[in-house]
$ cat upload.txt   # compact mmCIF, C-alpha atoms
# COMPACT_ATOMS: atom_id res chain seq x y z
CA MET A 1 -67.41 187.26 94.22
CA ASN A 2 -67.65 186.47 90.52
CA ASP A 3 -66.32 183.35 88.85
CA ASP A 4 -63.20 185.02 87.44
CA ILE A 5 -62.08 186.25 90.83
CA LEU A 6 -62.83 182.88 92.34
CA ARG A 7 -60.72 181.25 89.63
CA GLY A 8 -57.86 183.64 90.28
CA LEU A 9 -57.88 183.01 94.02
CA TYR A 10 -58.12 179.26 93.56
CA ARG A 11 -55.25 179.21 91.08
CA GLN A 12 -53.15 181.20 93.50
CA HIS A 13 -54.00 178.68 96.17
CA LEU A 14 -52.89 175.79 93.97
CA ALA A 15 -49.74 177.59 92.87
CA ARG A 16 -48.63 177.96 96.49
CA ARG A 17 -48.94 174.27 97.22
CA ILE A 18 -45.84 172.10 97.13
CA PRO A 19 -46.59 169.29 94.70
CA SER A 20 -45.90 165.75 95.77
CA ARG A 21 -46.38 162.88 93.38
CA ASP A 22 -46.70 160.21 96.05
CA LEU A 23 -50.48 160.27 95.96
CA CYS A 24 -50.89 160.79 92.23
CA PRO A 25 -53.16 158.36 90.36
CA SER A 26 -51.68 155.91 87.90
CA VAL A 27 -51.32 156.77 84.24
CA GLU A 28 -53.95 154.13 83.56
CA SER A 29 -56.40 155.98 85.81
CA ILE A 30 -55.82 159.20 83.89
CA GLU A 31 -56.31 157.34 80.62
CA ALA A 32 -59.55 155.83 81.99
CA LEU A 33 -60.72 159.31 82.92
CA VAL A 34 -60.06 160.64 79.43
CA SER A 35 -61.45 157.57 77.66
CA ARG A 36 -64.42 157.38 80.04
CA THR A 37 -63.87 153.76 80.95
CA GLY A 38 -64.23 152.10 84.32
CA GLU A 39 -66.38 153.06 87.28
CA GLU A 40 -67.65 156.61 87.41
CA ALA A 41 -66.91 156.89 91.13
CA GLU A 42 -63.25 156.08 90.51
CA ARG A 43 -63.05 158.52 87.62
CA LEU A 44 -64.44 161.28 89.82
CA ILE A 45 -61.79 160.56 92.45
CA THR A 46 -59.12 160.72 89.76
CA LEU A 47 -60.54 163.94 88.34
CA ASP A 48 -60.65 165.50 91.79
CA HIS A 49 -56.93 164.86 92.23
CA VAL A 50 -55.96 165.75 88.66
CA MET A 51 -57.57 169.18 88.87
CA ALA A 52 -55.72 169.95 92.09
CA CYS A 53 -52.31 168.69 90.94
CA PRO A 54 -50.41 170.64 88.25
CA ALA A 55 -48.31 167.64 87.23
CA CYS A 56 -51.31 165.34 86.82
CA ARG A 57 -53.27 168.03 85.08
CA HIS A 58 -50.51 168.44 82.54
CA GLU A 59 -50.57 164.70 81.91
CA PHE A 60 -54.36 164.73 81.68
CA ASP A 61 -54.27 167.53 79.11
CA LEU A 62 -51.64 165.68 77.11
CA VAL A 63 -53.71 162.49 76.87
CA ARG A 64 -56.93 164.38 76.28
CA THR A 65 -55.60 166.59 73.53
CA ALA A 66 -53.87 163.69 71.80
CA GLY A 67 -57.21 161.87 71.74
CA GLU A 68 -59.04 164.95 70.53
CA ALA A 69 -56.51 165.47 67.76
CA ALA A 70 -56.96 161.88 66.66
CA ARG A 71 -60.74 162.20 66.61
CA ALA A 72 -60.56 165.47 64.71
CA SER A 73 -58.11 164.08 62.21
CA ALA A 74 -59.64 160.66 61.59
CA ARG A 75 -61.13 160.52 58.12
CA PRO A 76 -60.96 158.08 55.23
CA SER A 77 -58.04 159.53 53.34
CA TYR A 78 -54.39 158.83 52.63
CA LYS A 79 -53.73 162.03 54.50
CA LEU A 80 -54.78 160.48 57.76
CA PRO A 81 -51.44 160.11 59.53
CA LEU A 82 -50.31 163.51 58.36
CA ALA A 83 -53.51 165.13 59.48
CA LEU A 84 -53.18 163.38 62.78
CA ALA A 85 -49.63 164.57 63.21
CA ALA A 86 -50.60 168.10 62.28
CA GLY A 87 -53.53 168.00 64.64
CA ILE A 88 -51.43 166.74 67.49
CA VAL A 89 -48.79 169.37 66.92
CA SER A 90 -51.43 172.06 67.23
CA LEU A 91 -53.42 170.55 70.02
CA VAL A 92 -50.53 169.49 72.20
CA ALA A 93 -49.00 172.89 71.78
CA GLY A 94 -52.36 174.25 72.81
CA ALA A 95 -52.41 172.01 75.85
CA LEU A 96 -49.30 173.68 77.14
CA PHE A 97 -51.21 176.92 77.34
CA LEU A 98 -54.55 175.57 78.44
CA SER A 99 -54.40 177.14 81.85
CA SER A 100 -54.21 180.63 80.49
CA ARG A 101 -55.75 180.31 77.06
CA ARG A 102 -58.56 177.81 77.25
CA ASP A 103 -60.54 179.62 74.60
CA ALA A 104 -57.79 179.23 72.03
CA ILE A 105 -58.23 175.49 71.81
CA SER A 106 -61.54 175.68 70.05
CA THR A 107 -59.92 177.46 67.14
CA MET A 108 -57.34 174.72 66.81
CA ARG A 109 -59.82 171.98 66.10
CA GLY A 110 -60.75 170.90 62.61
CA GLU A 111 -58.79 170.12 59.54
CA SER A 112 -58.83 173.21 57.45
CA ASP A 113 -60.32 176.43 58.58
CA GLY A 114 -59.15 179.25 56.50
CA ILE A 115 -55.81 179.32 54.67
CA ALA A 116 -56.21 178.96 50.92
CA LEU A 117 -53.19 177.32 49.32
CA VAL A 118 -52.28 178.59 45.85
CA LEU A 119 -49.41 176.55 44.40
CA PRO A 120 -48.28 173.87 44.01
CA ASP A 121 -51.51 171.96 43.57
CA GLU A 122 -52.23 168.24 43.38
CA ARG A 123 -51.15 168.08 39.70
CA SER A 124 -47.92 169.99 40.12
CA VAL A 125 -44.63 168.35 39.23
CA LEU A 126 -41.79 170.54 40.46
CA ARG A 127 -38.12 170.66 39.48
CA ASP A 128 -35.08 172.39 40.96
CA SER A 129 -36.96 173.76 43.92
CA ALA A 130 -40.47 174.05 45.25
CA LEU A 131 -42.07 177.47 45.45
CA LEU A 132 -44.98 177.32 47.89
CA THR A 133 -47.54 180.12 47.93
CA TRP A 134 -50.74 180.73 49.84
CA HIS A 135 -53.21 183.53 50.44
CA ALA A 136 -52.74 185.88 53.36
CA VAL A 137 -55.04 185.53 56.34
CA PRO A 138 -56.39 188.62 58.13
CA ASP A 139 -54.80 189.14 61.55
CA ALA A 140 -52.07 186.58 60.87
CA PHE A 141 -48.69 187.73 62.12
CA GLN A 142 -46.73 184.59 61.28
CA TYR A 143 -47.02 181.56 59.05
CA HIS A 144 -45.53 178.11 59.56
CA VAL A 145 -45.14 175.93 56.50
CA GLU A 146 -44.21 172.26 56.54
CA VAL A 147 -43.34 169.82 53.77
CA LEU A 148 -43.63 166.17 54.70
CA GLU A 149 -43.06 162.88 52.99
CA VAL A 150 -46.21 160.84 52.52
CA ASP A 151 -45.07 158.64 55.39
CA GLY A 152 -45.24 161.64 57.66
CA ALA A 153 -41.51 162.38 57.96
CA LEU A 154 -40.81 166.08 58.11
CA ARG A 155 -38.55 167.29 55.27
CA TYR A 156 -38.78 171.07 55.46
CA GLN A 157 -40.25 173.67 57.75
CA ARG A 158 -40.08 177.40 57.93
CA SER A 159 -41.72 180.22 59.84
CA SER A 160 -42.24 183.51 58.10
CA GLN A 161 -44.34 186.63 57.89
CA ASP A 162 -44.46 186.19 54.14
CA THR A 163 -46.93 184.08 52.16
CA VAL A 164 -44.23 182.48 50.05
CA ALA A 165 -41.62 179.87 50.86
CA THR A 166 -39.00 178.27 48.63
CA VAL A 167 -37.96 174.73 49.45
CA PRO A 168 -34.44 174.10 48.14
CA GLY A 169 -34.15 171.23 45.70
CA ASP A 170 -31.54 169.51 47.83
CA SER A 171 -34.12 169.17 50.60
CA LEU A 172 -36.26 166.97 48.39
CA THR A 173 -35.70 163.62 46.71
CA PRO A 174 -36.40 163.41 42.95
CA GLY A 175 -39.29 161.15 42.06
CA LYS A 176 -40.92 161.37 45.44
CA ALA A 177 -44.32 162.76 46.38
CA TYR A 178 -44.68 165.23 49.22
CA VAL A 179 -47.43 166.89 51.17
CA TRP A 180 -47.42 170.48 52.36
CA TRP A 181 -49.57 172.60 54.65
CA VAL A 182 -49.55 175.99 56.35
CA ARG A 183 -50.55 177.18 59.80
CA ALA A 184 -51.06 180.85 60.67
CA ASP A 185 -50.71 182.39 64.12
CA LEU A 186 -53.34 185.08 64.61
CA ALA A 187 -53.00 188.26 66.60
CA THR A 188 -56.26 187.30 68.27
CA ALA A 189 -54.51 184.33 69.94
CA GLY A 190 -56.03 181.70 67.67
CA GLU A 191 -54.71 180.04 64.58
CA ARG A 192 -55.81 178.98 61.10
CA ARG A 193 -54.74 175.93 59.16
CA SER A 194 -54.75 174.97 55.53
CA GLU A 195 -55.66 171.66 54.00
CA LEU A 196 -52.90 169.15 53.28
CA ARG A 197 -51.89 169.22 49.63
CA ARG A 198 -49.73 166.85 47.64
CA PHE A 199 -47.10 167.54 44.95
CA THR A 200 -44.41 165.56 43.19
CA PHE A 201 -40.76 166.53 42.85
CA LYS A 202 -38.81 165.45 39.76
CA SER A 203 -35.18 165.64 38.74
CA PRO A 204 -34.21 168.86 36.93
CA GLU B 1 -39.67 168.58 72.69
CA GLU B 2 -42.70 166.91 74.22
CA ARG B 3 -44.93 167.38 71.21
CA GLU B 4 -42.17 166.30 68.82
CA GLU B 5 -41.72 163.12 70.83
CA LEU B 6 -45.45 162.44 70.83
CA VAL B 7 -46.00 163.18 67.15
CA GLN B 8 -43.05 161.03 66.15
CA ASP B 9 -44.33 158.20 68.29
CA VAL B 10 -47.77 158.33 66.71
CA ARG B 11 -46.30 158.41 63.22
CA ILE B 12 -44.17 155.38 63.94
CA ARG B 13 -47.04 153.46 65.50
CA LEU B 14 -49.38 154.06 62.58
CA TRP B 15 -46.88 153.29 59.88
CA ARG B 16 -45.45 150.25 61.58
CA ALA B 17 -48.92 148.84 62.05
CA LEU B 18 -50.42 149.77 58.71
CA GLU B 19 -47.43 150.15 56.37
CA THR B 20 -49.35 151.08 53.23
CA ASP B 21 -51.59 153.91 52.13
CA ASP B 22 -54.36 151.48 51.22
CA ARG B 23 -54.53 150.03 54.68
CA ILE B 24 -54.32 153.43 56.28
CA SER B 25 -57.25 154.67 54.20
CA SER B 26 -59.48 152.05 55.76
CA VAL B 27 -58.33 152.32 59.35
CA PRO B 28 -61.20 152.95 61.78
CA ALA B 29 -61.23 156.18 63.73
CA ALA B 30 -61.17 154.20 66.98
CA TYR B 31 -57.79 152.75 66.01
CA VAL B 32 -56.29 156.17 65.41
CA TYR B 33 -57.69 157.36 68.72
CA ARG B 34 -56.13 154.41 70.54
CA ALA B 35 -52.78 154.99 68.82
CA ALA B 36 -52.70 158.65 69.85
CA VAL B 37 -53.83 158.06 73.42
CA SER B 38 -51.46 155.12 73.85
CA ALA B 39 -48.57 157.22 72.59
CA ALA B 40 -49.41 159.94 75.11
CA VAL B 41 -49.75 157.40 77.93
CA ASP B 42 -46.41 155.81 77.08
CA LEU B 43 -44.77 159.23 76.98
CA ILE B 44 -46.07 159.95 80.46
CA ARG B 45 -44.90 156.55 81.69
CA ARG B 46 -41.40 157.25 80.41
CA ARG B 47 -41.37 160.64 82.08
CA ARG B 48 -42.62 159.26 85.36
CA ALA B 49 -39.99 156.51 85.22
CA ARG B 50 -37.32 159.16 84.75
CA ARG B 51 -38.95 161.12 87.59
CA GLU B 52 -39.10 164.20 85.44
CA VAL B 53 -40.87 167.13 87.00
CA TYR B 54 -43.17 169.18 84.85
CA VAL B 55 -42.64 172.90 85.21
CA ASP B 56 -45.61 174.90 84.05
CA VAL B 57 -43.81 177.88 82.55
CA GLY B 58 -46.76 178.77 80.35
CA ARG B 59 -49.12 179.07 83.24
CA PRO B 60 -49.72 182.55 84.54
CA SER B 61 -48.69 183.26 88.08
CA GLY B 62 -51.34 184.32 90.48
CA GLU B 63 -50.33 187.91 89.98
CA ALA B 64 -50.33 187.66 86.21
CA PHE B 65 -53.74 186.09 86.13
CA PHE B 66 -55.16 188.18 88.91
CA GLY B 67 -53.94 191.55 87.84
CA HIS B 68 -56.17 193.58 90.17
CA ALA B 69 -54.13 196.14 92.04
CA GLU B 70 -56.62 196.52 94.83
CA LEU B 71 -56.41 192.81 95.55
CA VAL B 72 -52.65 192.65 95.18
CA ASP B 73 -52.43 195.22 97.92
CA LEU B 74 -54.62 193.33 100.32
CA PRO B 75 -52.47 192.31 103.31
CA GLU B 76 -54.57 189.22 103.89
CA ARG B 77 -54.42 188.06 100.28
CA SER B 78 -52.63 184.80 100.99
CA ASP B 79 -55.16 184.12 103.71
CA LEU B 80 -57.92 184.75 101.20
CA THR B 81 -56.55 182.22 98.72
CA ASP B 82 -56.23 179.68 101.51
CA ARG B 83 -59.82 180.21 102.50
CA VAL B 84 -60.98 179.73 98.93
CA GLY B 85 -58.86 176.58 98.77
CA ALA B 86 -60.35 175.32 102.02
CA ALA B 87 -63.88 176.08 100.80
CA VAL B 88 -63.26 174.03 97.68
CA GLU B 89 -61.81 171.17 99.73
CA ALA B 90 -64.91 171.19 101.93
CA LEU B 91 -67.31 170.69 99.03
CA LEU B 92 -69.32 167.50 98.73
CA PRO B 93 -67.32 164.90 96.80
CA SER B 94 -70.05 164.80 94.16
CA ARG B 95 -69.64 168.51 93.43
CA ARG B 96 -65.95 169.10 94.05
CA PRO B 97 -64.38 167.61 90.88
CA VAL B 98 -66.76 169.57 88.67
CA VAL B 99 -66.01 172.80 90.52
CA ARG B 100 -62.26 172.18 90.42
CA MET B 101 -62.40 171.59 86.69
CA TYR B 102 -64.45 174.72 86.12
CA LEU B 103 -62.12 176.84 88.26
CA ALA B 104 -59.19 175.42 86.30
CA GLY B 105 -60.68 177.03 83.20
CA TYR B 106 -62.62 174.27 81.48
CA LYS B 107 -65.99 175.06 79.99
CA LEU B 108 -69.24 173.52 81.10
CA ASP B 109 -69.68 171.42 77.95
CA GLU B 110 -66.13 170.13 78.20
CA ILE B 111 -66.78 168.96 81.76
CA ALA B 112 -70.07 167.34 80.76
CA GLN B 113 -68.43 165.58 77.82
CA LEU B 114 -65.56 164.25 79.90
CA LEU B 115 -67.92 162.81 82.50
CA GLY B 116 -70.58 161.65 80.06
CA TRP B 117 -73.21 163.75 81.79
CA THR B 118 -75.86 166.02 80.40
CA ASN B 119 -75.16 169.74 80.48
CA ALA B 120 -78.12 170.18 82.82
CA ARG B 121 -76.74 167.74 85.40
CA THR B 122 -73.27 169.22 85.16
CA ARG B 123 -74.58 172.77 85.46
CA ASN B 124 -76.65 171.85 88.48
CA LEU B 125 -73.70 170.33 90.35
CA LEU B 126 -71.43 173.19 89.34
CA TYR B 127 -73.77 175.95 90.41
CA ARG B 128 -74.53 174.25 93.70
CA GLY B 129 -70.83 173.83 94.33
CA LEU B 130 -70.04 177.45 93.52
CA GLU B 131 -72.88 178.57 95.76
CA ASP B 132 -71.47 176.42 98.57
CA ILE B 133 -68.13 178.18 98.20
CA ARG B 134 -69.68 181.64 98.19
CA GLU B 135 -71.80 180.78 101.20
CA SER B 136 -68.77 179.49 103.06
CA LEU B 137 -66.79 182.65 102.31
CA LYS B 138 -69.75 184.83 103.19
CA LEU B 139 -69.98 183.21 106.60
CA GLN B 140 -66.34 184.20 107.07
CA GLY B 141 -67.09 187.79 106.13
CA LEU B 142 -65.67 187.45 102.62
CA GLY B 143 -68.74 188.18 100.56
CA PRO B 144 -69.45 190.86 97.96
CA GLU B 145 -69.97 193.40 100.69
CA ARG B 146 -66.32 193.22 101.60
CA GLY B 147 -63.82 194.82 99.23
CA GLU B 148 -66.31 194.48 96.40
CA LEU B 149 -65.08 191.04 95.58

$ encode --input "upload.txt" --output "C-alpha cells"
Amino acid sequence: MNDDILRGLYRQHLARRIPSRDLCPSVESIEALVSRTGEEAERLITLDHVMACPACRHEFDLVRTAGEAARASARPSYKLPLALAAGIVSLVAGALFLSSRRDAISTMRGESDGIALVLPDERSVLRDSALLTWHAVPDAFQYHVEVLEVDGALRYQRSSQDTVATVPGDSLTPGKAYVWWVRADLATAGERRSELRRFTFKSP
Amino acid sequence: EEREELVQDVRIRLWRALETDDRISSVPAAYVYRAAVSAAVDLIRRRRARREVYVDVGRPSGEAFFGHAELVDLPERSDLTDRVGAAVEALLPSRRPVVRMYLAGYKLDEIAQLLGWTNARTRNLLYRGLEDIRESLKLQGLGPERGEL
C-alpha cells in the first residue's frame, strides 16, 4: 500500500468522523505549536489533535501561513506592510486549499517571482487616469492587479486576462502616492507575483 | 472574507503601532511576525466565541481524492478506511503526530521545521510509523497481496 493510497484512506476516515470541538486545544496551544514555544511534549499532543481535527487544522494553517507570510515579507523597506498584506492574501488563500494542493504553496512564497511590470514606474506622475501595463507570463490564465495607498488601503482591484488595466481618475486622489502590483494565476496551479511599484497621481 | 479580515487586521495593527514610513522601515522582522500571528490568533478567538463552524469546501471528498474505480467499488471500503484510522490511532505517541501530519499532505521538511527536528530524526519516526501501519494492515490481510493496494 503506497503512501498516496494510505493518505486517501486516512482522509476518508477523517472525513467520516463527526467533529466535536469539546476536546480541541486552546488557540494559545495552536499558536505555541506554530511558534515552537513551550514544552515539546505538549506541542506533540496539540499536533496530534490538530492533524485529526479539520476545524483545528484549518486554524493551524491560518496561523502558520500568516506567520510564513510575515517572515517572507519582512524586509527593510517602506513596502513592508504592503508586502505583508500581499503575502498574507496569497498565503491565506493558499491555506484554504492546503489539503488538496499542498505543492502550490511553495510557489506562493517570495516577494517577486516573475511578472515584469512595464508602466508606470517609480518616476511616473500620472494625470486623468492610470494605465497599468505588465508583461505576459507563460501559462497565466488570469491576472489580478491591485492599487493601494501607501498605508496599505486598497483603492482599486481588477481581474483580467489582459496585461493592461486602466484605473479611473476618480478612483485616485490627486497629489497622493500609490503602489501597484500584479499576481498571475497559472494553469499549472501555481501563481506568479510582481514587485510592488510606486507612482504618483496628480490633478489633470 | 476570512483573508480580508486578517489582512485588514494586520494593516491596522502595523499602522497604528508604527504610524510613519520611517518607523516601519526599521521594524524588526520578529515584530511583523508577531503582528501577523497575533492577528490570526485573534481572528480564531473571535470565530470560536461566535461558535462558527468551519466548513472545508475546498477539501476534496474521499471520492474526489481517491479516484480509483476499483477501490470505489470495494464493498468493504468503509471498513478499510476505519482500519487505517485505527492503525494510525494505535501508533506510538512519539510517531503518531508525524504520521498524521504526513498523511494530511505536509512534506517531510515542513514537519521537521515545525517541530524543530532534523530531517533525519523526522524521517526515521515517519518511516517507522508508516511501517507500523502497513504491518498492522498486513496482519489483518490488507497488504499489497490483496487487491493490489

$ residues_around --input "upload.txt" --residues "Leu126 in chain A" --least-positions-apart "4" --cutoff "10 Å" --atoms "all atoms listed in the file" --output "list of chain:residue names"
A:Pro120, A:Ala130, A:Leu131, A:Gly169, A:Pro174, A:Gly175, A:Phe199, A:Thr200, A:Phe201, A:Lys202, A:Ser203, A:Pro204

$ write_last_selection --input "upload.txt" --atoms "C-alpha atoms" --output "compact mmCIF listing (two decimals), in the frame of the given file"
# COMPACT_ATOMS: atom_id res chain seq x y z
CA PRO A 120 -48.28 173.87 44.01
CA ALA A 130 -40.47 174.05 45.25
CA LEU A 131 -42.07 177.47 45.45
CA GLY A 169 -34.15 171.23 45.70
CA PRO A 174 -36.40 163.41 42.95
CA GLY A 175 -39.29 161.15 42.06
CA PHE A 199 -47.10 167.54 44.95
CA THR A 200 -44.41 165.56 43.19
CA PHE A 201 -40.76 166.53 42.85
CA LYS A 202 -38.81 165.45 39.76
CA SER A 203 -35.18 165.64 38.74
CA PRO A 204 -34.21 168.86 36.93

$ atom_distance --input "upload.txt" --atom1 "CA of Leu14 in chain B" --atom2 "CA of Ala35 in chain B"
7.2 Å

$ atom_distance --input "upload.txt" --atom1 "CA of Glu59 in chain A" --atom2 "CA of Ser94 in chain B"
23.0 Å

$ closest_residue --input "upload.txt" --among "B:Leu103, B:Pro97, B:Arg134, B:Arg11" --to "Leu115 in chain B" --atoms "only C-alpha atoms"
B:Pro97

$ residues_near_point --input "upload.txt" --point "(-76.9, 171.8, 87.3)" --cutoff "12 Å" --atoms "all atoms listed in the file" --output "ChimeraX atom specification"
/B:94-95,98-99,108-109,111-112,117-131

$ decode --input "upload.txt" --residues "range 125-148 of chain A" --atoms "N, CA and C atoms" --output "mmCIF file, in the first residue's frame"
data_model
loop_
_atom_site.group_PDB
_atom_site.id
_atom_site.type_symbol
_atom_site.label_atom_id
_atom_site.label_comp_id
_atom_site.auth_asym_id
_atom_site.auth_seq_id
_atom_site.Cartn_x
_atom_site.Cartn_y
_atom_site.Cartn_z
ATOM 1 N N VAL A 125 4.459 60.251 -12.973
ATOM 2 C CA VAL A 125 3.437 61.112 -12.384
ATOM 3 C C VAL A 125 2.257 61.079 -13.341
ATOM 4 N N LEU A 126 1.166 60.517 -12.929
ATOM 5 C CA LEU A 126 0.036 60.287 -13.823
ATOM 6 C C LEU A 126 -1.060 61.319 -13.608
ATOM 7 N N ARG A 127 -1.815 61.590 -14.683
ATOM 8 C CA ARG A 127 -2.949 62.508 -14.623
ATOM 9 C C ARG A 127 -4.145 61.843 -15.300
ATOM 10 N N ASP A 128 -5.308 62.302 -14.979
ATOM 11 C CA ASP A 128 -6.564 61.791 -15.557
ATOM 12 C C ASP A 128 -6.873 60.362 -15.133
ATOM 13 N N SER A 129 -5.995 59.461 -15.504
ATOM 14 C CA SER A 129 -6.213 58.060 -15.150
ATOM 15 C C SER A 129 -4.842 57.384 -15.101
ATOM 16 N N ALA A 130 -4.855 56.174 -14.645
ATOM 17 C CA ALA A 130 -3.577 55.443 -14.549
ATOM 18 C C ALA A 130 -3.664 54.197 -15.421
ATOM 19 N N LEU A 131 -2.822 54.164 -16.436
ATOM 20 C CA LEU A 131 -2.748 52.997 -17.306
ATOM 21 C C LEU A 131 -1.628 52.092 -16.792
ATOM 22 N N LEU A 132 -1.992 50.910 -16.366
ATOM 23 C CA LEU A 132 -1.016 49.969 -15.800
ATOM 24 C C LEU A 132 -0.748 48.872 -16.822
ATOM 25 N N THR A 133 0.514 48.607 -17.079
ATOM 26 C CA THR A 133 0.848 47.554 -18.049
ATOM 27 C C THR A 133 1.959 46.671 -17.490
ATOM 28 N N TRP A 134 1.899 45.405 -17.884
ATOM 29 C CA TRP A 134 2.922 44.459 -17.448
ATOM 30 C C TRP A 134 3.090 43.393 -18.526
ATOM 31 N N HIS A 135 4.202 42.679 -18.441
ATOM 32 C CA HIS A 135 4.484 41.645 -19.432
ATOM 33 C C HIS A 135 3.692 40.377 -19.134
ATOM 34 N N ALA A 136 3.288 39.711 -20.188
ATOM 35 C CA ALA A 136 2.554 38.456 -20.030
ATOM 36 C C ALA A 136 3.462 37.376 -19.427
ATOM 37 N N VAL A 137 2.838 36.476 -18.722
ATOM 38 C CA VAL A 137 3.563 35.357 -18.106
ATOM 39 C C VAL A 137 3.099 34.064 -18.786
ATOM 40 N N PRO A 138 4.025 33.208 -19.203
ATOM 41 C CA PRO A 138 3.608 31.939 -19.812
ATOM 42 C C PRO A 138 2.723 31.139 -18.853
ATOM 43 N N ASP A 139 1.694 30.534 -19.405
ATOM 44 C CA ASP A 139 0.765 29.687 -18.639
ATOM 45 C C ASP A 139 -0.199 30.468 -17.756
ATOM 46 N N ALA A 140 -0.107 31.787 -17.746
ATOM 47 C CA ALA A 140 -1.047 32.562 -16.929
ATOM 48 C C ALA A 140 -2.404 32.612 -17.633
ATOM 49 N N PHE A 141 -3.457 32.355 -16.882
ATOM 50 C CA PHE A 141 -4.785 32.442 -17.487
ATOM 51 C C PHE A 141 -5.586 33.614 -16.922
ATOM 52 N N GLN A 142 -5.048 34.240 -15.864
ATOM 53 C CA GLN A 142 -5.739 35.391 -15.306
ATOM 54 C C GLN A 142 -4.754 36.230 -14.487
ATOM 55 N N TYR A 143 -4.953 37.545 -14.552
ATOM 56 C CA TYR A 143 -4.121 38.448 -13.779
ATOM 57 C C TYR A 143 -5.001 39.216 -12.792
ATOM 58 N N HIS A 144 -4.438 39.486 -11.623
ATOM 59 C CA HIS A 144 -5.120 40.301 -10.622
ATOM 60 C C HIS A 144 -4.226 41.494 -10.322
ATOM 61 N N VAL A 145 -4.743 42.673 -10.548
ATOM 62 C CA VAL A 145 -3.951 43.874 -10.291
ATOM 63 C C VAL A 145 -4.583 44.646 -9.134
ATOM 64 N N GLU A 146 -3.736 45.180 -8.277
ATOM 65 C CA GLU A 146 -4.214 45.972 -7.150
ATOM 66 C C GLU A 146 -3.446 47.287 -7.080
ATOM 67 N N VAL A 147 -4.171 48.350 -6.759
ATOM 68 C CA VAL A 147 -3.549 49.648 -6.476
ATOM 69 C C VAL A 147 -3.889 49.983 -5.031
ATOM 70 N N LEU A 148 -2.863 50.262 -4.247
ATOM 71 C CA LEU A 148 -3.055 50.541 -2.835
ATOM 72 C C LEU A 148 -2.447 51.879 -2.459
#
